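Dumped upload_11.tsv below, it's TSV, C-alpha atoms (C1' of nucleotides):
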chain	number	residue	atom	x	y	z
A	1	MET	CA	36.68	-24.75	-34.42
A	2	ALA	CA	38.29	-22.93	-31.54
A	3	ASP	CA	36.17	-20.54	-29.55
A	4	LEU	CA	37.67	-17.12	-30.10
A	5	THR	CA	35.51	-15.29	-27.57
A	6	PRO	CA	37.29	-15.46	-24.23
A	7	ASP	CA	35.10	-16.11	-21.23
A	8	LEU	CA	34.68	-13.67	-18.40
A	9	PRO	CA	34.24	-15.86	-15.33
A	10	PRO	CA	31.44	-14.32	-13.24
A	11	GLU	CA	33.53	-14.36	-10.08
A	12	HIS	CA	36.09	-12.10	-11.72
A	13	SER	CA	33.54	-9.82	-13.31
A	14	LEU	CA	33.06	-6.53	-11.52
A	15	GLY	CA	29.56	-6.18	-12.91
A	16	PHE	CA	28.56	-9.61	-11.69
A	17	GLN	CA	29.91	-9.12	-8.17
A	18	VAL	CA	28.47	-5.65	-7.80
A	19	ARG	CA	25.06	-6.90	-8.91
A	20	ARG	CA	25.16	-9.89	-6.60
A	21	CYS	CA	26.18	-7.73	-3.66
A	22	HIS	CA	23.52	-5.15	-4.43
A	23	ARG	CA	20.77	-7.70	-4.31
A	24	ALA	CA	22.14	-9.22	-1.13
A	25	PHE	CA	22.02	-5.78	0.50
A	26	ASP	CA	18.52	-5.14	-0.82
A	27	ARG	CA	17.19	-8.44	0.46
A	28	VAL	CA	18.53	-7.84	3.96
A	29	LEU	CA	17.29	-4.25	3.98
A	30	SER	CA	13.82	-5.35	2.85
A	31	GLY	CA	13.83	-8.05	5.50
A	32	HIS	CA	14.59	-5.56	8.25
A	33	LEU	CA	12.12	-2.97	6.98
A	34	ALA	CA	9.18	-5.30	6.40
A	35	PRO	CA	8.25	-5.53	10.12
A	36	SER	CA	7.74	-1.74	10.07
A	37	GLY	CA	5.54	-2.06	7.01
A	38	LEU	CA	8.06	-0.25	4.81
A	39	SER	CA	9.53	-1.19	1.46
A	40	SER	CA	13.20	-0.77	0.72
A	41	GLY	CA	12.61	2.06	-1.72
A	42	PHE	CA	11.45	4.32	1.10
A	43	TRP	CA	14.77	4.11	2.86
A	44	TYR	CA	16.79	5.93	0.25
A	45	PHE	CA	14.42	8.86	0.03
A	46	LEU	CA	14.05	9.09	3.79
A	47	ARG	CA	17.79	9.31	4.21
A	48	ALA	CA	18.03	12.02	1.59
A	49	LEU	CA	15.26	13.98	3.31
A	50	TRP	CA	16.86	13.64	6.73
A	51	GLN	CA	19.77	15.51	5.20
A	52	GLU	CA	17.79	17.96	3.04
A	53	ASN	CA	14.24	18.35	4.23
A	54	GLY	CA	12.19	20.38	1.78
A	55	ALA	CA	14.27	19.37	-1.26
A	56	THR	CA	12.61	19.31	-4.67
A	57	GLN	CA	11.79	16.04	-6.35
A	58	LYS	CA	14.47	16.58	-8.94
A	59	ARG	CA	17.06	17.11	-6.23
A	60	LEU	CA	15.95	13.96	-4.41
A	61	ALA	CA	16.20	11.97	-7.62
A	62	GLN	CA	19.78	13.20	-8.09
A	63	LEU	CA	20.79	12.39	-4.52
A	64	ASN	CA	19.46	8.87	-5.04
A	65	ASN	CA	20.81	8.32	-8.53
A	66	VAL	CA	17.37	7.52	-9.87
A	67	THR	CA	15.33	9.12	-12.64
A	68	GLU	CA	12.47	11.50	-11.98
A	69	PRO	CA	9.68	9.06	-12.83
A	70	THR	CA	11.09	6.70	-10.21
A	71	ALA	CA	11.11	9.49	-7.66
A	72	VAL	CA	7.52	10.39	-8.49
A	73	ALA	CA	6.38	6.82	-7.99
A	74	VAL	CA	8.13	6.22	-4.68
A	75	LEU	CA	7.29	9.66	-3.26
A	76	GLY	CA	3.68	9.10	-4.24
A	77	ALA	CA	3.61	5.91	-2.21
A	78	MET	CA	5.34	7.65	0.69
A	79	GLU	CA	2.79	10.46	0.62
A	80	ARG	CA	-0.10	7.98	0.64
A	81	MET	CA	1.49	6.41	3.71
A	82	GLY	CA	1.73	9.76	5.46
A	83	VAL	CA	5.50	9.79	5.73
A	84	ILE	CA	6.00	12.91	3.60
A	85	ARG	CA	4.04	15.92	2.46
A	86	ARG	CA	4.39	17.55	-1.00
A	87	GLU	CA	3.99	21.27	-1.48
A	88	ARG	CA	3.97	23.25	-4.70
A	89	ASN	CA	6.69	25.93	-4.53
A	90	ALA	CA	5.10	29.39	-4.36
A	91	VAL	CA	7.94	31.24	-6.07
A	92	ASP	CA	8.56	28.78	-8.90
A	93	ARG	CA	5.40	26.86	-9.43
A	94	ARG	CA	7.13	24.19	-11.51
A	95	LYS	CA	8.81	22.90	-8.37
A	96	VAL	CA	7.45	20.62	-5.69
A	97	ASN	CA	9.11	20.66	-2.28
A	98	VAL	CA	9.01	17.54	-0.19
A	99	PHE	CA	8.78	17.66	3.60
A	100	LEU	CA	8.99	14.97	6.23
A	101	THR	CA	6.04	14.47	8.57
A	102	GLU	CA	6.23	13.66	12.27
A	103	ARG	CA	5.88	10.05	11.40
A	104	ALA	CA	9.20	10.23	9.53
A	105	ASP	CA	11.04	11.59	12.56
A	106	ASP	CA	10.00	8.53	14.54
A	107	LEU	CA	11.22	6.37	11.69
A	108	LYS	CA	14.66	7.96	11.81
A	109	ALA	CA	15.25	6.83	15.37
A	110	GLU	CA	13.96	3.42	14.42
A	111	LEU	CA	15.76	2.95	11.12
A	112	MET	CA	19.18	4.55	11.54
A	113	PRO	CA	20.40	1.82	13.88
A	114	VAL	CA	19.19	-0.75	11.37
A	115	ALA	CA	21.29	0.85	8.64
A	116	HIS	CA	24.36	0.81	10.83
A	117	ARG	CA	23.69	-2.79	11.78
A	118	ILE	CA	23.41	-3.89	8.16
A	119	ASN	CA	26.70	-2.23	7.28
A	120	GLU	CA	28.26	-4.00	10.25
A	121	ILE	CA	26.91	-7.34	9.15
A	122	ALA	CA	28.12	-6.80	5.61
A	123	GLY	CA	31.60	-5.81	6.71
A	124	ALA	CA	32.09	-8.55	9.31
A	125	GLY	CA	35.58	-9.99	9.15
A	126	ILE	CA	36.78	-7.40	6.66
A	127	SER	CA	39.50	-4.93	7.61
A	128	ALA	CA	38.83	-1.20	7.65
A	129	ALA	CA	41.54	-0.69	5.05
A	130	GLU	CA	39.95	-3.18	2.68
A	131	ILE	CA	36.57	-1.53	3.10
A	132	GLU	CA	38.04	1.89	2.40
A	133	THR	CA	39.64	0.56	-0.77
A	134	CYS	CA	36.39	-1.05	-1.83
A	135	LEU	CA	34.40	2.15	-1.24
A	136	SER	CA	36.93	4.14	-3.20
A	137	VAL	CA	36.95	1.68	-6.10
A	138	LEU	CA	33.14	1.59	-6.19
A	139	GLN	CA	33.00	5.36	-6.30
A	140	ARG	CA	35.50	5.62	-9.13
A	141	MET	CA	33.76	2.86	-11.11
A	142	SER	CA	30.40	4.62	-10.69
A	143	ASP	CA	31.97	7.82	-11.98
A	144	ASN	CA	33.59	6.04	-14.93
A	145	LEU	CA	30.34	4.34	-15.85
A	146	THR	CA	28.20	7.42	-15.40
A	147	ARG	CA	30.49	9.24	-17.79
A	148	GLU	CA	30.10	6.40	-20.30
A	149	ALA	CA	26.32	6.38	-19.91
A	150	THR	CA	26.24	10.08	-20.60
A	151	ARG	CA	28.44	9.60	-23.64
A	152	LEU	CA	26.12	6.84	-24.89
A	153	SER	CA	23.00	8.97	-24.60
A	154	THR	CA	24.47	12.13	-26.06
A	155	GLU	CA	26.34	10.45	-28.96
A	156	PRO	CA	23.66	7.92	-29.91
A	157	ALA	CA	24.95	6.34	-33.10
A	158	LEU	CA	28.73	5.94	-33.06
B	159	MET	CA	17.68	18.40	22.12
B	160	ALA	CA	20.71	16.70	20.65
B	161	ASP	CA	20.16	14.25	17.86
B	162	LEU	CA	21.12	10.88	19.21
B	163	THR	CA	20.89	9.02	15.92
B	164	PRO	CA	24.28	9.31	14.21
B	165	ASP	CA	24.17	9.85	10.50
B	166	LEU	CA	25.59	7.43	7.99
B	167	PRO	CA	26.87	9.65	5.20
B	168	PRO	CA	25.90	8.00	1.91
B	169	GLU	CA	29.43	8.21	0.54
B	170	HIS	CA	30.66	6.07	3.42
B	171	SER	CA	27.78	3.63	3.28
B	172	LEU	CA	28.63	0.33	1.63
B	173	GLY	CA	25.00	-0.25	0.74
B	174	PHE	CA	24.71	3.13	-0.92
B	175	GLN	CA	27.87	2.81	-2.98
B	176	VAL	CA	27.11	-0.74	-4.06
B	177	ARG	CA	23.63	0.27	-5.16
B	178	ARG	CA	24.89	3.31	-7.03
B	179	CYS	CA	27.54	1.28	-8.79
B	180	HIS	CA	25.08	-1.48	-9.65
B	181	ARG	CA	22.77	0.90	-11.41
B	182	ALA	CA	25.62	2.59	-13.20
B	183	PHE	CA	26.66	-0.83	-14.54
B	184	ASP	CA	23.11	-1.69	-15.49
B	185	ARG	CA	22.56	1.55	-17.36
B	186	VAL	CA	25.71	1.13	-19.43
B	187	LEU	CA	24.92	-2.52	-20.11
B	188	SER	CA	21.38	-1.66	-21.21
B	189	GLY	CA	22.74	1.11	-23.39
B	190	HIS	CA	25.11	-1.26	-25.16
B	191	LEU	CA	22.52	-4.01	-25.52
B	192	ALA	CA	19.65	-1.87	-26.77
B	193	PRO	CA	21.00	-1.60	-30.34
B	194	SER	CA	20.81	-5.41	-30.56
B	195	GLY	CA	17.23	-5.29	-29.32
B	196	LEU	CA	18.14	-7.01	-26.05
B	197	SER	CA	17.36	-6.07	-22.47
B	198	SER	CA	19.95	-6.30	-19.72
B	199	GLY	CA	18.22	-9.22	-18.04
B	200	PHE	CA	19.02	-11.46	-20.99
B	201	TRP	CA	22.75	-11.03	-20.52
B	202	TYR	CA	22.98	-12.81	-17.19
B	203	PHE	CA	21.08	-15.85	-18.37
B	204	LEU	CA	22.95	-16.01	-21.64
B	205	ARG	CA	26.27	-16.02	-19.81
B	206	ALA	CA	25.10	-18.79	-17.51
B	207	LEU	CA	23.96	-20.84	-20.49
B	208	TRP	CA	27.22	-20.35	-22.36
B	209	GLN	CA	28.79	-22.08	-19.40
B	210	GLU	CA	26.08	-24.68	-18.76
B	211	ASN	CA	23.92	-25.20	-21.80
B	212	GLY	CA	20.93	-27.41	-20.96
B	213	ALA	CA	20.80	-26.39	-17.30
B	214	THR	CA	17.47	-26.49	-15.48
B	215	GLN	CA	15.66	-23.29	-14.61
B	216	LYS	CA	16.37	-23.78	-10.94
B	217	ARG	CA	20.07	-24.10	-11.66
B	218	LEU	CA	20.05	-20.97	-13.80
B	219	ALA	CA	18.29	-19.05	-11.06
B	220	GLN	CA	20.99	-20.11	-8.61
B	221	LEU	CA	23.84	-19.15	-10.92
B	222	ASN	CA	22.26	-15.72	-11.29
B	223	ASN	CA	21.30	-15.21	-7.67
B	224	VAL	CA	17.68	-14.62	-8.57
B	225	THR	CA	14.52	-16.41	-7.49
B	226	GLU	CA	12.73	-18.94	-9.65
B	227	PRO	CA	9.83	-16.67	-10.63
B	228	THR	CA	12.34	-14.16	-11.96
B	229	ALA	CA	14.00	-16.86	-14.01
B	230	VAL	CA	10.63	-17.94	-15.39
B	231	ALA	CA	9.79	-14.41	-16.47
B	232	VAL	CA	13.11	-13.66	-18.16
B	233	LEU	CA	13.43	-17.09	-19.79
B	234	GLY	CA	9.88	-16.74	-21.08
B	235	ALA	CA	10.83	-13.50	-22.80
B	236	MET	CA	14.00	-15.10	-24.16
B	237	GLU	CA	12.05	-18.03	-25.55
B	238	ARG	CA	9.57	-15.71	-27.24
B	239	MET	CA	12.55	-13.97	-28.87
B	240	GLY	CA	13.94	-17.26	-30.12
B	241	VAL	CA	17.18	-17.09	-28.16
B	242	ILE	CA	16.52	-20.22	-26.10
B	243	ARG	CA	14.43	-23.37	-26.28
B	244	ARG	CA	12.81	-25.05	-23.24
B	245	GLU	CA	12.42	-28.78	-23.07
B	246	ARG	CA	10.63	-30.84	-20.43
B	247	ASN	CA	13.07	-33.39	-18.97
B	248	ALA	CA	12.05	-36.92	-19.98
B	249	VAL	CA	13.46	-38.66	-16.92
B	250	ASP	CA	12.23	-36.24	-14.28
B	251	ARG	CA	9.23	-34.49	-15.70
B	252	ARG	CA	9.31	-31.78	-13.04
B	253	LYS	CA	12.42	-30.34	-14.63
B	254	VAL	CA	12.75	-28.07	-17.64
B	255	ASN	CA	16.08	-27.97	-19.45
B	256	VAL	CA	17.04	-24.78	-21.24
B	257	PHE	CA	19.06	-24.84	-24.45
B	258	LEU	CA	20.60	-22.09	-26.51
B	259	THR	CA	19.52	-21.69	-30.12
B	260	GLU	CA	21.78	-20.80	-33.04
B	261	ARG	CA	20.77	-17.21	-32.59
B	262	ALA	CA	22.39	-17.25	-29.14
B	263	ASP	CA	25.72	-18.43	-30.53
B	264	ASP	CA	25.85	-15.40	-32.76
B	265	LEU	CA	25.06	-13.26	-29.77
B	266	LYS	CA	28.03	-14.65	-27.86
B	267	ALA	CA	30.49	-13.41	-30.44
B	268	GLU	CA	28.70	-10.10	-30.45
B	269	LEU	CA	28.23	-9.62	-26.72
B	270	MET	CA	31.35	-11.01	-25.06
B	271	PRO	CA	33.56	-8.17	-26.30
B	272	VAL	CA	30.96	-5.74	-24.98
B	273	ALA	CA	31.17	-7.28	-21.52
B	274	HIS	CA	34.94	-7.02	-21.51
B	275	ARG	CA	34.74	-3.45	-22.73
B	276	ILE	CA	32.34	-2.45	-19.96
B	277	ASN	CA	34.59	-3.94	-17.32
B	278	GLU	CA	37.49	-2.03	-18.85
B	279	ILE	CA	35.56	1.22	-18.80
B	280	ALA	CA	34.51	0.67	-15.21
B	281	GLY	CA	38.04	-0.12	-14.07
B	282	ALA	CA	39.79	2.69	-15.94
B	283	GLY	CA	42.46	4.32	-13.82
B	284	ILE	CA	42.13	1.76	-11.04
B	285	SER	CA	45.04	-0.53	-10.19
B	286	ALA	CA	44.75	-4.29	-10.55
B	287	ALA	CA	45.48	-4.68	-6.86
B	288	GLU	CA	42.65	-2.36	-5.89
B	289	ILE	CA	40.25	-4.18	-8.17
B	290	GLU	CA	41.25	-7.53	-6.68
B	291	THR	CA	40.63	-6.16	-3.20
B	292	CYS	CA	37.28	-4.78	-4.25
B	293	LEU	CA	36.20	-8.07	-5.82
B	294	SER	CA	37.22	-9.94	-2.72
B	295	VAL	CA	35.41	-7.55	-0.39
B	296	LEU	CA	32.26	-7.68	-2.53
B	297	GLN	CA	32.30	-11.45	-2.44
B	298	ARG	CA	32.71	-11.61	1.32
B	299	MET	CA	30.00	-9.00	1.86
B	300	SER	CA	27.61	-10.94	-0.38
B	301	ASP	CA	28.32	-14.06	1.65
B	302	ASN	CA	27.82	-12.23	4.96
B	303	LEU	CA	24.55	-10.73	3.79
B	304	THR	CA	23.25	-13.92	2.23
B	305	ARG	CA	23.82	-15.64	5.56
B	306	GLU	CA	21.89	-12.88	7.32
B	307	ALA	CA	19.04	-13.06	4.81
B	308	THR	CA	18.78	-16.79	5.42
B	309	ARG	CA	18.77	-16.21	9.16
B	310	LEU	CA	16.01	-13.62	8.79
B	311	SER	CA	13.77	-15.90	6.78
B	312	THR	CA	14.28	-19.01	8.88
B	313	GLU	CA	14.04	-17.31	12.28
B	314	PRO	CA	11.21	-14.93	11.49
B	315	ALA	CA	10.29	-13.38	14.81
B	316	LEU	CA	13.36	-12.86	16.98
C	317	DT	C1'	0.67	-49.48	-2.00
C	318	DT	C1'	-0.99	-45.63	-0.68
C	319	DG	C1'	-0.44	-41.36	0.90
C	320	DC	C1'	2.18	-37.41	2.22
C	321	DA	C1'	6.31	-34.47	1.77
C	322	DA	C1'	9.55	-32.47	-1.13
C	323	DA	C1'	11.05	-30.65	-5.60
C	324	DA	C1'	10.57	-27.92	-9.89
C	325	DC	C1'	8.06	-25.06	-12.07
C	326	DT	C1'	4.24	-21.57	-12.65
C	327	DT	C1'	0.93	-17.86	-11.58
C	328	DA	C1'	-0.54	-13.66	-9.33
C	329	DG	C1'	0.24	-9.40	-7.43
C	330	DA	C1'	3.42	-6.10	-5.54
C	331	DT	C1'	7.58	-2.69	-5.74
C	332	DA	C1'	11.52	-0.34	-8.35
C	333	DG	C1'	13.55	1.04	-12.06
C	334	DC	C1'	13.80	2.85	-16.93
C	335	DG	C1'	12.81	5.78	-21.45
C	336	DA	C1'	9.63	8.37	-24.11
C	337	DA	C1'	6.35	11.53	-24.41
C	338	DG	C1'	3.03	14.97	-22.31
C	339	DT	C1'	1.80	19.29	-19.32
C	340	DA	C1'	2.54	23.45	-16.96
C	341	DT	C1'	5.64	27.09	-15.83
C	342	DT	C1'	9.54	30.02	-16.36
C	343	DT	C1'	13.31	31.93	-18.94
C	344	DT	C1'	15.43	33.65	-22.92
C	345	DA	C1'	16.01	35.53	-27.71
C	346	DG	C1'	14.68	38.41	-31.06
D	347	DC	C1'	6.19	41.59	-26.09
D	348	DT	C1'	6.06	37.29	-28.02
D	349	DA	C1'	7.74	32.91	-29.59
D	350	DA	C1'	10.76	29.31	-28.62
D	351	DA	C1'	13.58	26.82	-25.42
D	352	DA	C1'	14.42	25.03	-21.05
D	353	DT	C1'	12.82	23.24	-16.53
D	354	DA	C1'	10.10	20.41	-13.23
D	355	DC	C1'	6.99	17.37	-12.84
D	356	DT	C1'	3.76	13.67	-14.50
D	357	DT	C1'	1.89	9.79	-17.20
D	358	DC	C1'	2.43	5.58	-19.72
D	359	DG	C1'	4.14	1.29	-20.75
D	360	DC	C1'	7.83	-1.75	-20.24
D	361	DT	C1'	11.44	-4.99	-17.70
D	362	DA	C1'	13.28	-7.06	-13.51
D	363	DT	C1'	12.69	-8.35	-9.10
D	364	DC	C1'	10.40	-10.20	-4.97
D	365	DT	C1'	6.92	-13.16	-1.88
D	366	DA	C1'	3.14	-16.11	-1.46
D	367	DA	C1'	0.45	-19.50	-3.13
D	368	DG	C1'	-0.76	-23.11	-6.66
D	369	DT	C1'	0.31	-27.37	-9.88
D	370	DT	C1'	2.51	-31.40	-11.27
D	371	DT	C1'	5.68	-34.94	-10.52
D	372	DT	C1'	8.67	-37.67	-7.76
D	373	DG	C1'	10.29	-40.07	-3.70
D	374	DC	C1'	9.84	-41.95	0.80
D	375	DA	C1'	7.60	-44.27	4.71
D	376	DA	C1'	4.11	-46.68	7.19
Show the structure stored in the file as structure tokens.
Amino acid sequence: MADLTPDLPPEHSLGFQVRRCHRAFDRVLSGHLAPSGLSSGFWYFLRALWQENGATQKRLAQLNNVTEPTAVAVLGAMERMGVIRRERNAVDRRKVNVFLTERADDLKAELMPVAHRINEIAGAGISAAEIETCLSVLQRMSDNLTREATRLSTEPAL
Amino acid sequence: MADLTPDLPPEHSLGFQVRRCHRAFDRVLSGHLAPSGLSSGFWYFLRALWQENGATQKRLAQLNNVTEPTAVAVLGAMERMGVIRRERNAVDRRKVNVFLTERADDLKAELMPVAHRINEIAGAGISAAEIETCLSVLQRMSDNLTREATRLSTEPAL
DNA sequence: TTGCAAAACTTAGATAGCGAAGTATTTTAG
DNA sequence: CTAAAATACTTCGCTATCTAAGTTTTGCAA
């Protein structure tokens, strides 16, 4: 009997390559952060806070494309490490504003060059035009998929 | 005092976009798999086994770019669900060969179209040439980063 | 042949991520 | 003004992932 389900060779699967690349990035990032005693999860929230210090947890979750429970967990760890401070909003007491501590400012000087370096390493031997195309494709795919995920959760059984 | 650490806007960061896209893929995949009672981790191992039924756990970990403990955990769950069967290799008793069960064959017919569909959704409105470029860039970045990760772990303090 | 190194797997403990459900606060509808 | 809905956060329990360290088996070398 012939096999009627065509294969999708991993190398030509967008999902496969994106996943592989993601983990490669994450491993290198973790490797560079470990000497400072930081885990890779911190990085994303630190970067968001360097741009929007005092943001609410919900806002930080959005900037990072993670859910709120994830934000709570990581920010909790960051607070215990003294990198951020959480403050209940006085006007709207549902909100919690997150502020960087002095410690985090030192980290910025230490970590920003690392981020640049990792992007350099990743893009070695790849033309600027190719990288631009890749970034653009990744962005459009994320948008396409986010739309689909929303559709899936709002139209459950279909 | 001027800020001497240049920002890396997330939209122009390869790491950021790859991570965002990865999670978008994973969410949609999970959403499509949930009705079948499967988690997204199963998919990657199933695909590998459809190509190399009977492979060892080490081999499956390599094909998936995950570590051996990860493979053990996911394959354990798959075995408990009756999707695979593990068999100690008679010649070299260190090895464990992994075989698909009948149940997994049914899943192939069910899941392969889903995988194709998700890649279609992701690539909607993007030209074939752009996608080819993106795949190629992702592959080269993964290789660059994997090399760096190896360097980091073999030359610890440098 | 014995003994040590390497290989394949496993266990243990940690971090991220998720969805579902719970709590407190604010907003809105009637 | 009050009840219901929406918002922001939290808690809980799960999966996936990692590193480090342990077990069993095999292979190589003195």
Given all atoms listed in the file as the basis, pick out the residue of B:Pro227, B:Gly173, B:Gly281, B:Gly189 nearest to DC364 of chain D.
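Ranked by minimum distance to DC364 of chain D, first place goes to B:Pro227.
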Compile the contact shell of segment 205-220 of chain B as a list in words: residues with an atom at most 8 Å away, counting all atoms listed in the file, same-chain residues fewer than 6 positions apart removed.
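Selected residues are Glu226, Thr228, Ala229, Val230, Lys253, Val254, Asn255, Val256, Phe257, Leu258 and Lys266 of chain B; DA324 of chain C.
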Since chain A and chain B share a sequence, can you fit the second onto the first over all C-alpha atoms in order and output it as a compact mmCIF listing (two decimals) with C-alpha atoms, in the coordinates of the input?
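Wrote result-v9.txt, looks like this:
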# COMPACT_ATOMS: atom_id res chain seq x y z
CA MET B 159 36.98 -24.88 -34.24
CA ALA B 160 38.50 -23.04 -31.32
CA ASP B 161 36.30 -20.66 -29.41
CA LEU B 162 37.68 -17.22 -30.02
CA THR B 163 35.49 -15.43 -27.51
CA PRO B 164 37.27 -15.56 -24.15
CA ASP B 165 35.06 -16.16 -21.18
CA LEU B 166 34.63 -13.70 -18.36
CA PRO B 167 34.18 -15.89 -15.30
CA PRO B 168 31.40 -14.34 -13.21
CA GLU B 169 33.49 -14.38 -10.05
CA HIS B 170 36.04 -12.13 -11.73
CA SER B 171 33.48 -9.86 -13.33
CA LEU B 172 33.03 -6.54 -11.56
CA GLY B 173 29.53 -6.18 -12.95
CA PHE B 174 28.52 -9.59 -11.69
CA GLN B 175 29.88 -9.13 -8.19
CA VAL B 176 28.44 -5.64 -7.82
CA ARG B 177 25.03 -6.86 -8.92
CA ARG B 178 25.14 -9.86 -6.60
CA CYS B 179 26.17 -7.71 -3.68
CA HIS B 180 23.52 -5.10 -4.45
CA ARG B 181 20.75 -7.64 -4.31
CA ALA B 182 22.12 -9.19 -1.17
CA PHE B 183 22.01 -5.74 0.46
CA ASP B 184 18.52 -5.09 -0.84
CA ARG B 185 17.17 -8.39 0.43
CA VAL B 186 18.51 -7.82 3.94
CA LEU B 187 17.27 -4.23 3.96
CA SER B 188 13.80 -5.31 2.82
CA GLY B 189 13.80 -8.03 5.44
CA HIS B 190 14.57 -5.56 8.21
CA LEU B 191 12.11 -2.97 6.95
CA ALA B 192 9.17 -5.28 6.35
CA PRO B 193 8.21 -5.53 10.05
CA SER B 194 7.72 -1.74 10.04
CA GLY B 195 5.53 -2.04 6.96
CA LEU B 196 8.07 -0.23 4.79
CA SER B 197 9.56 -1.15 1.44
CA SER B 198 13.25 -0.74 0.69
CA GLY B 199 12.65 2.11 -1.74
CA PHE B 200 11.47 4.34 1.08
CA TRP B 201 14.80 4.13 2.87
CA TYR B 202 16.82 5.97 0.25
CA PHE B 203 14.43 8.88 0.05
CA LEU B 204 14.05 9.10 3.79
CA ARG B 205 17.81 9.32 4.22
CA ALA B 206 18.03 12.06 1.62
CA LEU B 207 15.27 13.99 3.34
CA TRP B 208 16.87 13.66 6.77
CA GLN B 209 19.76 15.52 5.23
CA GLU B 210 17.78 17.97 3.08
CA ASN B 211 14.24 18.32 4.30
CA GLY B 212 12.17 20.38 1.84
CA ALA B 213 14.24 19.41 -1.20
CA THR B 214 12.58 19.35 -4.61
CA GLN B 215 11.79 16.06 -6.30
CA LYS B 216 14.46 16.65 -8.89
CA ARG B 217 17.04 17.16 -6.17
CA LEU B 218 15.95 14.01 -4.38
CA ALA B 219 16.21 12.03 -7.59
CA GLN B 220 19.77 13.28 -8.05
CA LEU B 221 20.80 12.45 -4.49
CA ASN B 222 19.49 8.93 -5.04
CA ASN B 223 20.84 8.42 -8.53
CA VAL B 224 17.40 7.61 -9.88
CA THR B 225 15.36 9.24 -12.63
CA GLU B 226 12.51 11.63 -11.95
CA PRO B 227 9.71 9.19 -12.79
CA THR B 228 11.12 6.80 -10.20
CA ALA B 229 11.14 9.56 -7.62
CA VAL B 230 7.54 10.43 -8.47
CA ALA B 231 6.42 6.84 -8.01
CA VAL B 232 8.18 6.25 -4.69
CA LEU B 233 7.31 9.67 -3.25
CA GLY B 234 3.70 9.10 -4.24
CA ALA B 235 3.65 5.89 -2.22
CA MET B 236 5.36 7.65 0.69
CA GLU B 237 2.80 10.44 0.63
CA ARG B 238 -0.06 7.96 0.62
CA MET B 239 1.51 6.36 3.71
CA GLY B 240 1.74 9.71 5.47
CA VAL B 241 5.52 9.75 5.75
CA ILE B 242 6.00 12.87 3.62
CA ARG B 243 4.03 15.89 2.50
CA ARG B 244 4.38 17.53 -0.95
CA GLU B 245 3.95 21.23 -1.39
CA ARG B 246 3.91 23.23 -4.62
CA ASN B 247 6.60 25.93 -4.45
CA ALA B 248 4.99 29.38 -4.29
CA VAL B 249 7.82 31.25 -6.00
CA ASP B 250 8.48 28.80 -8.82
CA ARG B 251 5.31 26.86 -9.36
CA ARG B 252 7.06 24.20 -11.43
CA LYS B 253 8.75 22.92 -8.30
CA VAL B 254 7.40 20.62 -5.61
CA ASN B 255 9.07 20.68 -2.21
CA VAL B 256 8.99 17.53 -0.13
CA PHE B 257 8.77 17.65 3.66
CA LEU B 258 8.98 14.96 6.28
CA THR B 259 6.04 14.45 8.61
CA GLU B 260 6.23 13.64 12.31
CA ARG B 261 5.87 10.01 11.43
CA ALA B 262 9.18 10.19 9.56
CA ASP B 263 11.02 11.53 12.60
CA ASP B 264 10.00 8.48 14.55
CA LEU B 265 11.21 6.35 11.70
CA LYS B 266 14.65 7.93 11.83
CA ALA B 267 15.23 6.79 15.38
CA GLU B 268 13.95 3.39 14.42
CA LEU B 269 15.75 2.94 11.12
CA MET B 270 19.17 4.53 11.54
CA PRO B 271 20.41 1.80 13.89
CA VAL B 272 19.19 -0.75 11.36
CA ALA B 273 21.28 0.85 8.63
CA HIS B 274 24.37 0.80 10.81
CA ARG B 275 23.69 -2.79 11.76
CA ILE B 276 23.40 -3.88 8.13
CA ASN B 277 26.68 -2.23 7.25
CA GLU B 278 28.26 -4.00 10.22
CA ILE B 279 26.89 -7.35 9.12
CA ALA B 280 28.09 -6.80 5.58
CA GLY B 281 31.58 -5.80 6.68
CA ALA B 282 32.07 -8.53 9.27
CA GLY B 283 35.56 -9.98 9.12
CA ILE B 284 36.76 -7.40 6.61
CA SER B 285 39.49 -4.94 7.56
CA ALA B 286 38.84 -1.20 7.61
CA ALA B 287 41.55 -0.72 5.01
CA GLU B 288 39.94 -3.18 2.63
CA ILE B 289 36.57 -1.53 3.06
CA GLU B 290 38.06 1.89 2.36
CA THR B 291 39.64 0.54 -0.81
CA CYS B 292 36.39 -1.04 -1.86
CA LEU B 293 34.42 2.16 -1.27
CA SER B 294 36.94 4.13 -3.25
CA VAL B 295 36.95 1.68 -6.15
CA LEU B 296 33.14 1.60 -6.23
CA GLN B 297 33.02 5.37 -6.35
CA ARG B 298 35.52 5.61 -9.19
CA MET B 299 33.77 2.86 -11.14
CA SER B 300 30.42 4.62 -10.74
CA ASP B 301 32.01 7.81 -12.04
CA ASN B 302 33.61 6.01 -15.00
CA LEU B 303 30.36 4.31 -15.90
CA THR B 304 28.22 7.39 -15.45
CA ARG B 305 30.52 9.19 -17.87
CA GLU B 306 30.12 6.36 -20.37
CA ALA B 307 26.34 6.34 -19.97
CA THR B 308 26.28 10.06 -20.70
CA ARG B 309 28.47 9.53 -23.74
CA LEU B 310 26.15 6.79 -24.98
CA SER B 311 23.04 8.91 -24.69
CA THR B 312 24.50 12.07 -26.17
CA GLU B 313 26.36 10.41 -29.04
CA PRO B 314 23.73 7.87 -29.99
CA ALA B 315 24.99 6.32 -33.20
CA LEU B 316 28.78 6.00 -33.18
10 Å contacts from chain A to chain C using all atoms listed in the file, as a ChimeraX atom specification:
/A:39-41,66-67,69-71,73-74,92-95
Do me a favour and pick out the residues of chain B within 8 Å of chain A, using only C-alpha atoms, as JSON, numbers by chain.
{"B": [163, 164, 165, 166, 170, 171, 172, 173, 175, 176, 177, 178, 179, 180, 182, 183, 185, 186, 189, 223, 266, 267, 270, 271, 273, 274, 277, 279, 280, 281, 282, 284, 288, 289, 291, 292, 293, 295, 296, 297, 298, 299, 300, 302, 303, 304, 306, 307, 310, 311]}
